[in-house]
Amino acid sequence: MSAWPGNPIASMDVRSFHGGTESSTTTSATTAQQTVTDAHIDFSIEIAFHDHPWFDNGRGYFSAQLEKLVGSGWAPVDSRSASLGDDDHDGDWYDTLTVSVDMVDLVEQYRVVLHCETRDTSLGTSADRTVYLQAIQGQTAIGDFTLDFVPMSIVYCPPGQDMTASLTQSQSYGTRFTIGESSGMQSQSGVQAKIDILGILGEGVGFSQSQSTTNSSTSGVQVSHFRSTVVTADNQKALGRAYWGPLGDIFVILVNPSFAASRRADGTILYALQRIEQVLAVPAYRLLRPDGDPIAGVIPADVRRRLLELDPFLHNLDQFFPDGGADLSVASNPFADPSAQNRAELIGRWWLDTGTELNYTLGDSQQLFSSSATEVKFSSTVSVNASVGADYDGITAGLGMSQSNTTTVGFQSSKETEASVATTASCFLIHNQNERDLDGIEIYYDKIFSTFMFRRVRARRTGPGACAGAAHGSVFGVDGRPMGRLGVSLTDAKGKVRQQTTTTMTGEYQFSNLCAGTYTLSAGDHASELRIEDAESPFTPARADLHRVRRRLDLATAAVWEVREALGLSSDKVRAIGAGLPKLRDLGGLARLVDATKEQQTAWAEQNEVTWGRARRPRATGRGRSAGAGGSGAGR
């Protein structure tokens, strides 16, 4: 506990004397604004009653009420009262009233309403006073630490050997990463970087217009900024035809960013970015096969693998780590759907005529309506700098460091994107007439790294193994409404998941680049057979709608945004669920934990299949073959 600096903040005095009484209050606080070192604050008020031995033998009454300024006005926090004096004795009485508060916010405004009066005497007086105070939570430096490598963004190159791209972001959407359990988020301005390597030119990659902020609903360190980024690539100079597409994706990596750690009065540990040693821009193929490259060669193999796992277009990494001699092409899948788990948002699809040249610009102003993305995590080695501070246990606990001195960095959709801020973004693509096997291209917005993704779409079969089948449909909940942001998957006859995607905000899904065959279509707690024929293509896709679907909500693994929206709860209550998860056994316990009504609990059961880490198989809903029928089950 901590006393308010300058206590007592006031004194109250009541006197009984020959011929009358007197009540008075005096403010004694040295200043109305103080920095406190403990979130619990005690405000003390001295009180005194002086009884004249020959007059009336009265009493003194004293009260103090502490109030805090909130959005709706002044709210009571604590109150105390006391009486001094008695009928049998004369003289002087002294005591102290103490009112207390536990700070929640970094800065809080208080007022203490004081009252004193004489009682049980023929002559009565009273006095009132209001004392206004402001408390600021102090911070104590406890040391600093450095992370080895932190990816800031991925610049995705368009697929196709003879395609040239120019990506311009005149206003970026920001990127943030979280570390530990702190609710204070800060970033530092003035860090600049310019990169010109391998034909890739990046300007202003870093913190050209950083902003410092505090966000009470998200844990960790936030780097949120507007970034003026220009990335151009000439495939003849830079990567070469053999490495275009996913193998040419550029990873922008912070090297050894340093953070200062401090502890707030309420125990929260804050991390502020101090400096960035270096910014690297490395193409994916160099992370797979450094071959003595002076940039990629300094990154350890385990870090290179963790970086590549963040790219949805790269797979089969087991053949490269430990460093192996597998052909680079086995790691690249330009046909992968990046929208799985709500990672990316489809902006549009365009068909490219064979043998022609295409010039395409993605609008002068593109409104990117946002939706929450599943967090992507990256483990980074932590070095606690012994030269600064002494509270290493506090740093390691706040970072959640493992025995190998690593911590998990979580990448989330940015604040700017969540607010659906209109942005200016352009993408210029040229389809060379010499490229014969690129039928179409889809452009996605990456919600994690705030950039564009490109994937190939086949419009027709052009040879063995070139699958061009397609399917689409809608998913509806038990209330008949479209289910947005719901995972949908296709599983083959052997039980292997072939493709995954996420429904749009209007409940629609689509699959492309499918081989002919029979699949199981799964969404929520429903599953249905889906048959793809050779004649079906993106122009004549199979149709399969699913009705009366319940969302499968595993509280042990679901993203915070998904639990919040599915159950209609605040983020604070979702975090309370996470803390109390080991003790939960049923929906009744869940409802009691978050003070939900019986009606809310009933709605949860009707619309969701809630589990606690115990997965259940989706129920089968039969087969369907009628094109566009709109009924449950699959159709063509």
# chains A, B, ... in the order shown; residues from 1 in each chain; ligands from 1

$ residues_around --residues "region 323-339 of chain A" --least-positions-apart "2" --cutoff "9 Å" --atoms "only C-alpha atoms" --output "number ranges by chain"
A: 158-160, 242-243, 245-247, 285, 288-289, 301, 311-321, 341-346, 444, 446, 453-458, 499-503, 511-513

$ residues_around --residues "Ser489 (chain A)" --least-positions-apart "6" --cutoff "12 Å" --atoms "only C-alpha atoms" --output "ChimeraX atom specification"
/A:337,339-341,471-472,495-503,509-511,519-530,618

$ write_last_selection --atoms "C-alpha atoms" --output "mmCIF file, in the first residue's frame"
data_model
loop_
_atom_site.group_PDB
_atom_site.id
_atom_site.type_symbol
_atom_site.label_atom_id
_atom_site.label_comp_id
_atom_site.auth_asym_id
_atom_site.auth_seq_id
_atom_site.Cartn_x
_atom_site.Cartn_y
_atom_site.Cartn_z
ATOM 1 C CA ASP A 337 -5.429 -20.182 -50.842
ATOM 2 C CA SER A 339 -7.567 -16.838 -46.873
ATOM 3 C CA ALA A 340 -7.585 -19.916 -44.615
ATOM 4 C CA GLN A 341 -8.112 -19.068 -40.918
ATOM 5 C CA ALA A 471 -16.654 -24.948 -56.162
ATOM 6 C CA HIS A 472 -18.516 -22.218 -54.344
ATOM 7 C CA GLY A 495 -8.826 -38.049 -45.049
ATOM 8 C CA LYS A 496 -6.206 -35.486 -46.107
ATOM 9 C CA VAL A 497 -7.245 -31.838 -46.016
ATOM 10 C CA ARG A 498 -6.684 -30.557 -49.558
ATOM 11 C CA GLN A 499 -7.815 -26.947 -49.252
ATOM 12 C CA GLN A 500 -9.018 -24.568 -46.571
ATOM 13 C CA THR A 501 -10.588 -21.146 -46.810
ATOM 14 C CA THR A 502 -12.739 -18.717 -44.837
ATOM 15 C CA THR A 503 -16.215 -17.441 -45.629
ATOM 16 C CA TYR A 509 -16.816 -19.362 -49.866
ATOM 17 C CA GLN A 510 -14.995 -20.597 -52.957
ATOM 18 C CA PHE A 511 -12.363 -23.159 -53.919
ATOM 19 C CA TYR A 519 -14.431 -34.536 -51.327
ATOM 20 C CA THR A 520 -15.913 -33.915 -47.901
ATOM 21 C CA LEU A 521 -16.960 -30.288 -47.460
ATOM 22 C CA SER A 522 -16.794 -29.225 -43.793
ATOM 23 C CA ALA A 523 -17.930 -26.007 -42.126
ATOM 24 C CA GLY A 524 -18.618 -25.692 -38.425
ATOM 25 C CA ASP A 525 -20.379 -28.827 -37.180
ATOM 26 C CA HIS A 526 -21.608 -29.818 -40.688
ATOM 27 C CA ALA A 527 -20.028 -32.048 -43.320
ATOM 28 C CA SER A 528 -21.289 -32.919 -46.782
ATOM 29 C CA GLU A 529 -20.071 -34.799 -49.839
ATOM 30 C CA LEU A 530 -18.923 -32.674 -52.769
ATOM 31 C CA PRO A 618 -18.724 -32.541 -37.757
#

$ atom_distance --atom1 "CA of Asp291 (chain A)" --atom2 "CA of Leu147 (chain A)"
25.2 Å

$ closest_residue --among "A:Ala470, A:Ile9, A:Ala260, A:Val478" --to "Leu490 (chain A)" --atoms "only C-alpha atoms"
A:Ala470

$ select_by_dssp --residues "region 275-374 of chain A" --states "helix (DSSP H, G or I)" --output "short mmCIF file (atom, residue, chain, number, x, y, z; two decimals) with C-alpha atoms, in the first residue's frame"
data_model
loop_
_atom_site.label_atom_id
_atom_site.label_comp_id
_atom_site.auth_asym_id
_atom_site.auth_seq_id
_atom_site.Cartn_x
_atom_site.Cartn_y
_atom_site.Cartn_z
CA ALA A 284 12.37 -16.48 -49.74
CA TYR A 285 14.67 -18.55 -51.91
CA ARG A 286 17.71 -17.16 -50.06
CA LEU A 287 16.16 -18.11 -46.72
CA LEU A 288 15.70 -21.62 -48.10
CA ALA A 296 20.73 -14.63 -45.38
CA GLY A 297 23.87 -16.35 -44.15
CA VAL A 298 23.83 -14.45 -40.85
CA ALA A 301 18.68 -22.06 -39.89
CA ASP A 302 16.02 -22.45 -37.19
CA VAL A 303 15.14 -18.74 -37.48
CA ARG A 304 15.00 -18.94 -41.27
CA ARG A 305 12.53 -21.80 -41.01
CA ARG A 306 10.30 -19.95 -38.53
CA LEU A 307 10.27 -16.96 -40.86
CA LEU A 308 9.30 -19.06 -43.88
CA LEU A 317 10.01 -27.15 -45.43
CA ASP A 318 11.08 -30.47 -43.88
CA GLN A 319 13.04 -31.13 -47.08
CA LEU A 328 13.57 -25.27 -54.67
CA SER A 329 10.36 -25.74 -56.65
CA VAL A 330 9.01 -28.27 -54.11
CA ALA A 331 8.75 -25.48 -51.53
CA ALA A 340 -7.59 -19.92 -44.61
CA GLN A 341 -8.11 -19.07 -40.92
CA ASN A 342 -9.11 -15.56 -42.05
#

$ closest_residue --among "A:Ala281, A:Leu581, A:Ala127, A:Met505" --to "Met152 (chain A)" --atoms "only C-alpha atoms"
A:Ala281

$ closest_residue --among "A:Asp148, A:Asp42, A:Ala516, A:Ile154" --to "Asn405 (chain A)" --atoms "only C-alpha atoms"
A:Asp148

$ residues_around --residues "Arg129 (chain A)" --least-positions-apart "2" --cutoff "10 Å" --atoms "only C-alpha atoms" --output "list in words"
Ala10, Met12, Ser24, Thr25, Thr26, Thr27, Ala64, Val112, Val113, Leu114, His115, Cys116, Ala127 and Val131 of chain A

$ select_by_dssp --residues "region 473-511 of chain A" --states "strand (DSSP E or B)" --output "count of residues only"
21

$ closest_residue --among "A:Asp51, A:Glu536, A:Asp102, A:Asp572" --to "Gly85 (chain A)" --atoms "only C-alpha atoms"
A:Asp51

$ residues_around --residues "Val252 (chain A)" --least-positions-apart "2" --cutoff "8 Å" --atoms "only C-alpha atoms" --output "MDAnalysis selection string"
chainID A and resid 151:155 250 254 279:282

$ write_last_selection --atoms "N, CA and C atoms" --output "short mmCIF file (atom, residue, chain, number, x, y, z; two decimals), in the first residue's frame"
data_model
loop_
_atom_site.label_atom_id
_atom_site.label_comp_id
_atom_site.auth_asym_id
_atom_site.auth_seq_id
_atom_site.Cartn_x
_atom_site.Cartn_y
_atom_site.Cartn_z
N PRO A 151 10.19 -10.38 -37.85
CA PRO A 151 9.67 -10.00 -39.18
C PRO A 151 8.65 -8.88 -39.07
N MET A 152 8.82 -7.84 -39.88
CA MET A 152 7.88 -6.73 -39.88
C MET A 152 6.84 -6.86 -40.98
N SER A 153 7.22 -7.41 -42.13
CA SER A 153 6.26 -7.55 -43.23
C SER A 153 6.80 -8.57 -44.23
N ILE A 154 5.93 -9.01 -45.12
CA ILE A 154 6.31 -9.83 -46.25
C ILE A 154 5.75 -9.16 -47.50
N VAL A 155 6.61 -8.92 -48.46
CA VAL A 155 6.17 -8.36 -49.74
C VAL A 155 6.04 -9.53 -50.71
N ILE A 250 9.52 -11.26 -50.54
CA ILE A 250 10.56 -10.55 -49.81
C ILE A 250 10.17 -10.44 -48.34
N LEU A 254 13.47 -7.08 -38.91
CA LEU A 254 14.22 -6.26 -37.96
C LEU A 254 15.28 -7.13 -37.29
N VAL A 279 17.80 -3.39 -40.70
CA VAL A 279 16.61 -3.91 -41.36
C VAL A 279 17.07 -4.69 -42.59
N LEU A 280 16.66 -5.94 -42.69
CA LEU A 280 17.04 -6.79 -43.81
C LEU A 280 15.86 -7.02 -44.73
N ALA A 281 16.12 -7.10 -46.02
CA ALA A 281 15.12 -7.52 -47.00
C ALA A 281 15.70 -8.74 -47.73
N VAL A 282 15.10 -9.90 -47.47
CA VAL A 282 15.66 -11.16 -47.97
C VAL A 282 14.59 -11.91 -48.74
#

$ atom_distance --atom1 "CA of Arg59 (chain A)" --atom2 "CA of Ser83 (chain A)"
6.7 Å

$ residues_around --residues "region 560-567 of chain A" --least-positions-apart "2" --cutoff "9 Å" --atoms "only C-alpha atoms" --output "CSV table (one decimal) with C-alpha atoms, in the first residue's frame"
chain,number,residue,atom,x,y,z
A,372,SER,CA,-10.1,-9.8,-37.4
A,373,ALA,CA,-7.3,-12.1,-38.4
A,374,THR,CA,-6.1,-15.2,-36.5
A,485,ARG,CA,-15.5,-15.5,-41.1
A,551,ARG,CA,-19.8,-22.7,-35.2
A,553,LEU,CA,-15.8,-23.0,-30.8
A,554,ASP,CA,-12.9,-24.5,-29.0
A,555,LEU,CA,-12.2,-22.1,-26.1
A,558,ALA,CA,-10.1,-20.1,-30.7
A,569,LEU,CA,-19.0,-10.8,-24.9
A,570,SER,CA,-16.5,-8.0,-24.3
A,571,SER,CA,-12.7,-8.6,-24.7
A,573,LYS,CA,-14.8,-11.2,-20.3
A,574,VAL,CA,-13.1,-13.3,-23.0
A,575,ARG,CA,-9.8,-12.9,-21.2
A,600,GLN,CA,-27.6,-15.9,-23.5
A,601,GLN,CA,-26.7,-19.4,-22.4
A,603,ALA,CA,-28.4,-18.9,-27.6
A,604,TRP,CA,-24.9,-20.1,-27.1
A,607,GLN,CA,-25.6,-21.4,-32.4
A,608,ASN,CA,-22.3,-22.9,-31.3

$ residues_around --residues "Glu277 (chain A)" --least-positions-apart "3" --cutoff "7 Å" --atoms "only C-alpha atoms" --output "VMD selection string"
chain A and resid 255 to 257
